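Report on the following structure.
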Amino acid sequence: DAWYVMRLRLAAAPVGLQAVYLQGITVPAELWLNGVRVGATGPLDGRRPRSYEQSHLITLSEGDLRAGDNELLLHVRAAAPSLAALAPLRVGAAAALRREATRDLVVHTLGPAAVAVVNVTVGLSLLVLWLRRRDPSYVLLFGVATILWGLHTGVSLLPEPPIPNPHYGIWWHGVYMLFVALLCLFSVRFAQCTWPRYERFAMGYALLVVPVLYVALALGLAGPVSDAIRLGGIALVAWALVGVAQYVRDNPGTDSRLLLLTGVVSVAFAMHDWLAATGGTSVRPVWLVPYAALAFLVLVGWILVDRFVRALNETERVNAGLESAVAEKSAALVSQLAQTRAAKDAAEAANVAKSRFLAAASHDLR
């Protein structure tokens, strides 16, 4: 339990509506101005703010800020010292701070939430596409990976974790590494690399995350081990990019180059997030990994649409050829039928003539 004491000395009372913007706070807090409670992030004994609540705008009433000395008191309470973090406070015009708060809401919450919805939607569409043809296998891998990626991002934004900690943190890492491994397998198979050992290693690595973290938790090493696991996931992606680079060298093309570029960007984003989580000083950093999904979705969407269009064009060309061949065969069959009918008519006429001749000859003989 702690109080932060801040003093503002103003030459004159500000004109217009004012506000205090908590740019980032990870524990419940109350704000007092000149001895009056003006706002709070929630009950001091309540839960910790979730991601979208860690930036908090408190609008002041007219006259709350006065000329001369003003005292701001921020009362915070944390379950453990390691959970508490506070970014600088901003005091100023409410309109300007509201725009800043809206921008932070979009970057930290609404953007990742939109990407999560798109991920799940595209993933389900790819699964339906794969179920219709069951080929190629990398479509299935990417579909499952994007669904897990979207659900993982969406769950991270929930007001409350679906399961209590520390289980939530352990399974969060487990699902994270699972969709990373599936994306690595997608890249390798797309690049036509025959790497069975790498594929077994990547899936084994992902499936061992949960049991390894439970053991690390029992040993009091959950934090360092989880950091090492995420770094290992980045190494897995970099390894897969080697195969993609070889594929680009042997088969230069737009789709292969885009896949390589997307992989490089994803590794850079993942390294940014890893450094922000392990050694960064920002209370509320911008996590870039959810936005890497946009690059993958645009790339794979372009590849699949391009290949679908080419396959459709080829199908139309083959169908046109088949229709032409059928038309030719039909014309030949009609001609043959006409000839057959003419021959039949001639045979029937000859048979009638023969019958008449035989009848006449028989009459003459009698």
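Starting from 1 in every chain, residues are counted up; chains themselves are A, B, ... following the order of the structure tokens, and ligands are numbered from 1 as listed.
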- Identify, on the basis of only C-alpha atoms, every residue whose closest approach to segment 83-95 of chain A does not exceed 6 Å; exclude the query and any residue fewer than 2 positions from it along the same chain; express the result as a ChimeraX atom specification. /A:17-27,80-81,97-98,283
Write out, as a PDB file, in the first residue's frame, the residues just selected, with C-alpha atoms.
```pdb
ATOM      1  CA  LEU A  17     -12.253  20.927 -18.891  1.00  0.00           C
ATOM      2  CA  GLN A  18      -9.100  19.290 -17.512  1.00  0.00           C
ATOM      3  CA  ALA A  19      -8.140  15.648 -16.949  1.00  0.00           C
ATOM      4  CA  VAL A  20      -5.491  13.399 -15.452  1.00  0.00           C
ATOM      5  CA  TYR A  21      -4.279  10.561 -17.664  1.00  0.00           C
ATOM      6  CA  LEU A  22      -2.654   7.512 -16.097  1.00  0.00           C
ATOM      7  CA  GLN A  23      -0.675   6.286 -19.087  1.00  0.00           C
ATOM      8  CA  GLY A  24       0.050   2.942 -17.525  1.00  0.00           C
ATOM      9  CA  ILE A  25      -0.747   1.403 -14.168  1.00  0.00           C
ATOM     10  CA  THR A  26      -0.812  -2.287 -13.297  1.00  0.00           C
ATOM     11  CA  VAL A  27      -2.490  -2.179  -9.865  1.00  0.00           C
ATOM     12  CA  ALA A  80       3.110  -8.130  -4.361  1.00  0.00           C
ATOM     13  CA  PRO A  81       5.757  -5.469  -5.087  1.00  0.00           C
ATOM     14  CA  LEU A  97      -5.742  13.651 -23.274  1.00  0.00           C
ATOM     15  CA  ARG A  98      -8.918  11.899 -24.456  1.00  0.00           C
ATOM     16  CA  VAL A 283       5.069  -0.058 -18.114  1.00  0.00           C
TER      17      VAL A 283
END
```
- Task: Assign secondary structure with DSSP using the backbone only, and return the residues of segment 42-277 of chain A in strand (DSSP E or B) as number ranges by chain.
- Result: A: 56-59, 68-76, 86, 89-93
Let's have the selection written as an mmCIF file, in the first residue's frame, with C-alpha atoms.
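Wrote out_1.cif, looks like this:
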```
data_model
loop_
_atom_site.group_PDB
_atom_site.id
_atom_site.type_symbol
_atom_site.label_atom_id
_atom_site.label_comp_id
_atom_site.auth_asym_id
_atom_site.auth_seq_id
_atom_site.Cartn_x
_atom_site.Cartn_y
_atom_site.Cartn_z
ATOM 1 C CA HIS A 56 -7.028 5.344 -17.358
ATOM 2 C CA LEU A 57 -8.405 8.843 -18.015
ATOM 3 C CA ILE A 58 -9.947 10.740 -15.099
ATOM 4 C CA THR A 59 -11.842 13.874 -16.094
ATOM 5 C CA GLY A 68 -1.263 28.255 -6.908
ATOM 6 C CA ASP A 69 -0.391 24.893 -5.352
ATOM 7 C CA ASN A 70 -2.405 21.769 -6.175
ATOM 8 C CA GLU A 71 -1.719 18.434 -4.541
ATOM 9 C CA LEU A 72 -2.297 15.166 -6.427
ATOM 10 C CA LEU A 73 -2.286 11.984 -4.362
ATOM 11 C CA LEU A 74 -2.277 8.573 -6.023
ATOM 12 C CA HIS A 75 -3.178 5.755 -3.655
ATOM 13 C CA VAL A 76 -2.162 2.303 -4.947
ATOM 14 C CA LEU A 86 3.367 3.131 -12.790
ATOM 15 C CA LEU A 89 0.979 10.879 -15.201
ATOM 16 C CA ARG A 90 -0.253 13.491 -17.643
ATOM 17 C CA VAL A 91 -2.323 16.499 -16.568
ATOM 18 C CA GLY A 92 -3.835 18.811 -19.148
ATOM 19 C CA ALA A 93 -6.787 19.647 -21.374
#
```
- Query: Just asking: which residues within segment 36-201 of chain A are helix (DSSP H, G or I) according to DSSP, as a PyMOL selection string?
  - Reply: chain A and resi 51-53+81-83+94-133+137-156+167-190+196-201
Please provide as an mmCIF file with all heavy atoms, in the first residue's frame all residues within 12 Å of Asp250 of chain A, with the sequence filter that same-chain residues fewer than 6 positions apart are discarded (counting only C-alpha atoms).
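Contents of part03.cif, freshly written:
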```cif
data_model
loop_
_atom_site.group_PDB
_atom_site.id
_atom_site.type_symbol
_atom_site.label_atom_id
_atom_site.label_comp_id
_atom_site.auth_asym_id
_atom_site.auth_seq_id
_atom_site.Cartn_x
_atom_site.Cartn_y
_atom_site.Cartn_z
ATOM 1 N N ALA A 191 7.872 -24.241 -48.376
ATOM 2 C CA ALA A 191 9.163 -24.146 -49.056
ATOM 3 C C ALA A 191 9.633 -25.489 -49.609
ATOM 4 O O ALA A 191 10.749 -25.578 -50.132
ATOM 5 C CB ALA A 191 10.210 -23.575 -48.108
ATOM 6 N N GLN A 192 8.784 -26.530 -49.470
ATOM 7 C CA GLN A 192 9.084 -27.863 -50.013
ATOM 8 C C GLN A 192 10.368 -28.444 -49.433
ATOM 9 O O GLN A 192 11.117 -29.146 -50.110
ATOM 10 C CB GLN A 192 9.168 -27.808 -51.546
ATOM 11 C CG GLN A 192 7.887 -27.312 -52.205
ATOM 12 C CD GLN A 192 8.004 -27.160 -53.699
ATOM 13 O OE1 GLN A 192 9.011 -27.507 -54.287
ATOM 14 N NE2 GLN A 192 6.961 -26.614 -54.318
ATOM 15 N N CYS A 193 10.621 -28.127 -48.162
ATOM 16 C CA CYS A 193 11.775 -28.692 -47.459
ATOM 17 C C CYS A 193 11.380 -30.030 -46.837
ATOM 18 O O CYS A 193 10.350 -30.119 -46.178
ATOM 19 C CB CYS A 193 12.285 -27.744 -46.376
ATOM 20 S SG CYS A 193 12.875 -26.155 -46.995
ATOM 21 N N GLY A 243 15.191 -22.511 -44.424
ATOM 22 C CA GLY A 243 14.593 -23.314 -45.486
ATOM 23 C C GLY A 243 13.865 -22.458 -46.509
ATOM 24 O O GLY A 243 13.930 -22.711 -47.718
ATOM 25 N N VAL A 244 13.148 -21.439 -46.039
ATOM 26 C CA VAL A 244 12.450 -20.546 -46.967
ATOM 27 C C VAL A 244 13.448 -19.798 -47.841
ATOM 28 O O VAL A 244 13.224 -19.609 -49.047
ATOM 29 C CB VAL A 244 11.561 -19.563 -46.188
ATOM 30 C CG1 VAL A 244 10.875 -18.597 -47.138
ATOM 31 C CG2 VAL A 244 10.523 -20.316 -45.368
ATOM 32 N N SER A 256 7.212 -16.674 -52.684
ATOM 33 C CA SER A 256 8.291 -17.143 -51.806
ATOM 34 C C SER A 256 9.038 -15.976 -51.178
ATOM 35 O O SER A 256 9.398 -16.015 -49.990
ATOM 36 C CB SER A 256 9.255 -18.031 -52.595
ATOM 37 O OG SER A 256 9.795 -17.337 -53.706
ATOM 38 N N ARG A 257 9.259 -14.925 -51.947
ATOM 39 C CA ARG A 257 9.954 -13.747 -51.386
ATOM 40 C C ARG A 257 9.102 -13.082 -50.298
ATOM 41 O O ARG A 257 9.620 -12.636 -49.272
ATOM 42 C CB ARG A 257 10.271 -12.751 -52.499
ATOM 43 C CG ARG A 257 11.346 -13.217 -53.484
ATOM 44 C CD ARG A 257 11.801 -12.070 -54.379
ATOM 45 N NE ARG A 257 12.833 -12.493 -55.306
ATOM 46 C CZ ARG A 257 12.615 -12.812 -56.584
ATOM 47 N NH1 ARG A 257 11.370 -12.752 -57.061
ATOM 48 N NH2 ARG A 257 13.595 -13.167 -57.368
#
```
- Would you mind reading off the distance between atom CA of Thr278 of chain A and atom CA of Gly169 of chain A, one decimal, in Å? 15.1 Å
